[in-house]
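Enquirer: Take a look at this one; I'll ask things after.
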Amino acid sequence: MRDFHQFLQGFSNFRNFYYDAENDLYNTLRQGQNPHALVIACSDSRVDPAILMGCNPGDIFVVRNVANLVPHCGQATPPDAVAAALEYAVCHLQVEHIIVLGHSDCGGIHALLDPALTSEESYIKSWMSLAAPALQRLNPEILDEDIETQRRHCEEASVLQSIENLLSYDWIKERVARHALSLHAWYFDMHSMSLLAYFPEKENFEPLAGHLPYQHS
């Protein structure tokens, strides 16, 4: 493991950059936050949404958990940290976008496909049961594919399941219906280093870069 001192040096660098060089940013942020997007991401150390998306402090409100799951409202019995964060971001911060960000090689999805991996770990097993409906979304033919292909399809299906679960909350569904809130299903492929989004009209995840307008550098 790297020297723990690295974290202290990192904070020093952070402070020098955002406080000394960009003092106006934190002068504003001390008054309150106004992020336009909520990102629901995995706890995986390789998938930090702020780094992936090049965000500054204050740009995004973030929820991170194993396998970037959103419980259905019927399963979110108080206290529920994910539901509380959703409620705060949507009802109080008035975010305009919710992004569910999945990724390749997700350990939680591995455990979902192979329950023996976490048979002695009750918290992980219980949490990943929230993603069980994602298995039902899979075409039965997928189960005849190699394990990497199965994982990829299940990772994507789990993201879509979380999108569906978001709509089980009345205060999210109502805002989506009147176009005050948009939901986005994204997937980070660490092998190709590409960021994909689900396009309902194509029923497929495709690289976002191919759908963005050209901009001069």
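Chain identifiers are assigned as A, B, and so on, following the order in which chains appear in the structure tokens; residues are numbered from 1 within each chain, and ligands are numbered from 1 in order of appearance.
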With a cut-off of 12 Å, could you pull out the residues of segment 15-61 of chain A touching segment 144-166 of chain A and give me the nearest pair of atoms for each, distance in Å to one decimal, using only C-alpha atoms, ordered by chain and ascending number, as JSON lines?
Expert:
{"residue": "A:Val39", "atom": "CA", "partner": "A:Ile163", "partner_atom": "CA", "distance": 11.9}
{"residue": "A:Ile40", "atom": "CA", "partner": "A:Ser162", "partner_atom": "CA", "distance": 9.4}
{"residue": "A:Ala41", "atom": "CA", "partner": "A:Val159", "partner_atom": "CA", "distance": 9.9}
{"residue": "A:Cys42", "atom": "CA", "partner": "A:Val159", "partner_atom": "CA", "distance": 10.8}
Enquirer: With N, CA and C atoms kept, could you save the residues just selected as a PDB file, in the first residue's frame?
Expert:
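Output contents, as saved in result.pdb:
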ATOM      1  N   VAL A  39     -25.310  11.886  -9.023  1.00  0.00           N
ATOM      2  CA  VAL A  39     -24.691  10.707  -9.619  1.00  0.00           C
ATOM      3  C   VAL A  39     -24.721   9.572  -8.606  1.00  0.00           C
ATOM      4  N   ILE A  40     -25.283   8.444  -9.018  1.00  0.00           N
ATOM      5  CA  ILE A  40     -25.309   7.244  -8.183  1.00  0.00           C
ATOM      6  C   ILE A  40     -24.257   6.302  -8.755  1.00  0.00           C
ATOM      7  N   ALA A  41     -23.161   6.142  -8.033  1.00  0.00           N
ATOM      8  CA  ALA A  41     -22.015   5.406  -8.544  1.00  0.00           C
ATOM      9  C   ALA A  41     -21.626   4.282  -7.591  1.00  0.00           C
ATOM     10  N   CYS A  42     -20.748   3.426  -8.071  1.00  0.00           N
ATOM     11  CA  CYS A  42     -20.261   2.315  -7.267  1.00  0.00           C
ATOM     12  C   CYS A  42     -19.165   2.785  -6.315  1.00  0.00           C
TER      13      CYS A  42
END
Enquirer: Which polymer residues have any atom within 12 Å of an atom of Lys173 of chain A, counting only C-alpha atoms, with same-chain residues fewer than 3 positions away left out, as a list of chain:residue names?
Expert: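 Here the qualifying residues turn out to be A:Cys73, A:Val90, A:Ile163, A:Glu164, A:Asn165, A:Leu166, A:Leu167, A:Ser168, A:Tyr169, A:Asp170, A:Val176, A:Ala177, A:Arg178, A:His179, A:Ala180, A:Leu181, A:Ser182, A:Leu183.
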Enquirer: Using only C-alpha atoms, pick whichever of A:Ala209, A:Leu86, A:Ala67, A:Ile98 has the shortest atom-to-atom distance to His110 of chain A.
Expert: A:Ala67
Enquirer: Pick the closest to Leu38 of chain A from A:Thr118, A:Asn13, A:Gln75, A:Gln94: which is it, counting only C-alpha atoms?
Expert: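 Among A:Thr118, A:Asn13, A:Gln75, A:Gln94, it is A:Gln94 that comes nearest to Leu38 of chain A.
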Enquirer: Can you list, as a ChimeraX atom specification, all residues belonging to segment 4-161 of chain A that DSSP tags as helix (DSSP H, G or I)?
Expert: /A:5-21,23-29,49-52,66-68,81-92,107-113,115-118,122-137,140-144,147-161
Enquirer: Enumerate, in order of chain and increasing residue number, the residues of segment 48-152 of chain A with an atom no farther than 10 Å from segment 18-27 of chain A, each with its shortest atom pair and distance in Å to one decimal, counting only C-alpha atoms, as a tab-separated table.
Expert:
residue	atom	partner	partner_atom	distance
A:Asn56	CA	A:Tyr18	CA	9.1
A:Pro57	CA	A:Leu25	CA	8.5
A:Gly58	CA	A:Leu25	CA	9.0
Enquirer: Grab the residues selected above and save them as a PDB file, in the first residue's frame with N, CA, C and O atoms.
Expert:
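Produced file result_25.pdb, reproduced below:
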ATOM      1  N   ASN A  56     -15.469  19.850 -10.685  1.00  0.00           N
ATOM      2  CA  ASN A  56     -14.948  20.633  -9.579  1.00  0.00           C
ATOM      3  C   ASN A  56     -15.835  20.429  -8.356  1.00  0.00           C
ATOM      4  O   ASN A  56     -16.981  19.971  -8.482  1.00  0.00           O
ATOM      5  N   PRO A  57     -15.359  20.767  -7.164  1.00  0.00           N
ATOM      6  CA  PRO A  57     -16.227  20.718  -5.991  1.00  0.00           C
ATOM      7  C   PRO A  57     -17.492  21.534  -6.238  1.00  0.00           C
ATOM      8  O   PRO A  57     -17.438  22.635  -6.785  1.00  0.00           O
ATOM      9  N   GLY A  58     -18.625  20.964  -5.841  1.00  0.00           N
ATOM     10  CA  GLY A  58     -19.890  21.657  -6.019  1.00  0.00           C
ATOM     11  C   GLY A  58     -20.626  21.313  -7.300  1.00  0.00           C
ATOM     12  O   GLY A  58     -21.790  21.681  -7.463  1.00  0.00           O
TER      13      GLY A  58
END
Enquirer: Using Å and a single decimal, report how far atom CA of Gly10 of chain A sits from atom CA of Met53 of chain A.
Expert: 19.4 Å
Enquirer: Considering only C-alpha atoms, return as a JSON list (two decimals) with N, CA, C and O atoms, in the first residue's frame whatever protein or nucleic-acid residues lie within 7 Å of Val95 of chain A, sequence-local ones (same chain, fewer than 6 positions apart) excluded.
Expert:
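Wrote part-v5.json, looks like this:
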[["chain", "number", "residue", "atom", "x", "y", "z"],
["A", 35, "PRO", "N", -25.66, 21.88, -7.01],
["A", 35, "PRO", "CA", -25.31, 20.95, -8.10],
["A", 35, "PRO", "C", -26.52, 20.72, -9.01],
["A", 35, "PRO", "O", -27.66, 20.77, -8.56],
["A", 36, "HIS", "N", -26.25, 20.50, -10.28],
["A", 36, "HIS", "CA", -27.33, 20.27, -11.23],
["A", 36, "HIS", "C", -27.59, 18.78, -11.45],
["A", 36, "HIS", "O", -28.57, 18.41, -12.09],
["A", 37, "ALA", "N", -26.70, 17.93, -10.94],
["A", 37, "ALA", "CA", -26.85, 16.49, -11.18],
["A", 37, "ALA", "C", -26.55, 15.69, -9.92],
["A", 37, "ALA", "O", -25.67, 16.05, -9.12],
["A", 38, "LEU", "N", -27.29, 14.61, -9.77],
["A", 38, "LEU", "CA", -27.01, 13.59, -8.76],
["A", 38, "LEU", "C", -26.44, 12.39, -9.49],
["A", 38, "LEU", "O", -27.01, 11.93, -10.49],
["A", 89, "ALA", "N", -31.42, 15.39, -2.63],
["A", 89, "ALA", "CA", -30.96, 15.94, -3.91],
["A", 89, "ALA", "C", -32.11, 16.43, -4.78],
["A", 89, "ALA", "O", -32.03, 17.48, -5.41]]
Enquirer: May I ask for the distance between atom CA of Leu52 of chain A and atom CA of Phe188 of chain A, given in Å to one decimal place?
Expert: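 Result for atom CA of Leu52 of chain A versus atom CA of Phe188 of chain A: 9.0 Å, one decimal.
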Enquirer: Mind pulling up the distance from atom CA of Asn68 of chain A to atom CA of Leu143 of chain A?
Expert: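 We find that atom CA of Leu143 of chain A and atom CA of Asn68 of chain A lie 22.7 Å from each other.
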Enquirer: Run DSSP on the backbone and grab whatever in segment 79-137 of chain A lands in strand (DSSP E); send it over as a ChimeraX atom specification.
Expert: /A:97-103
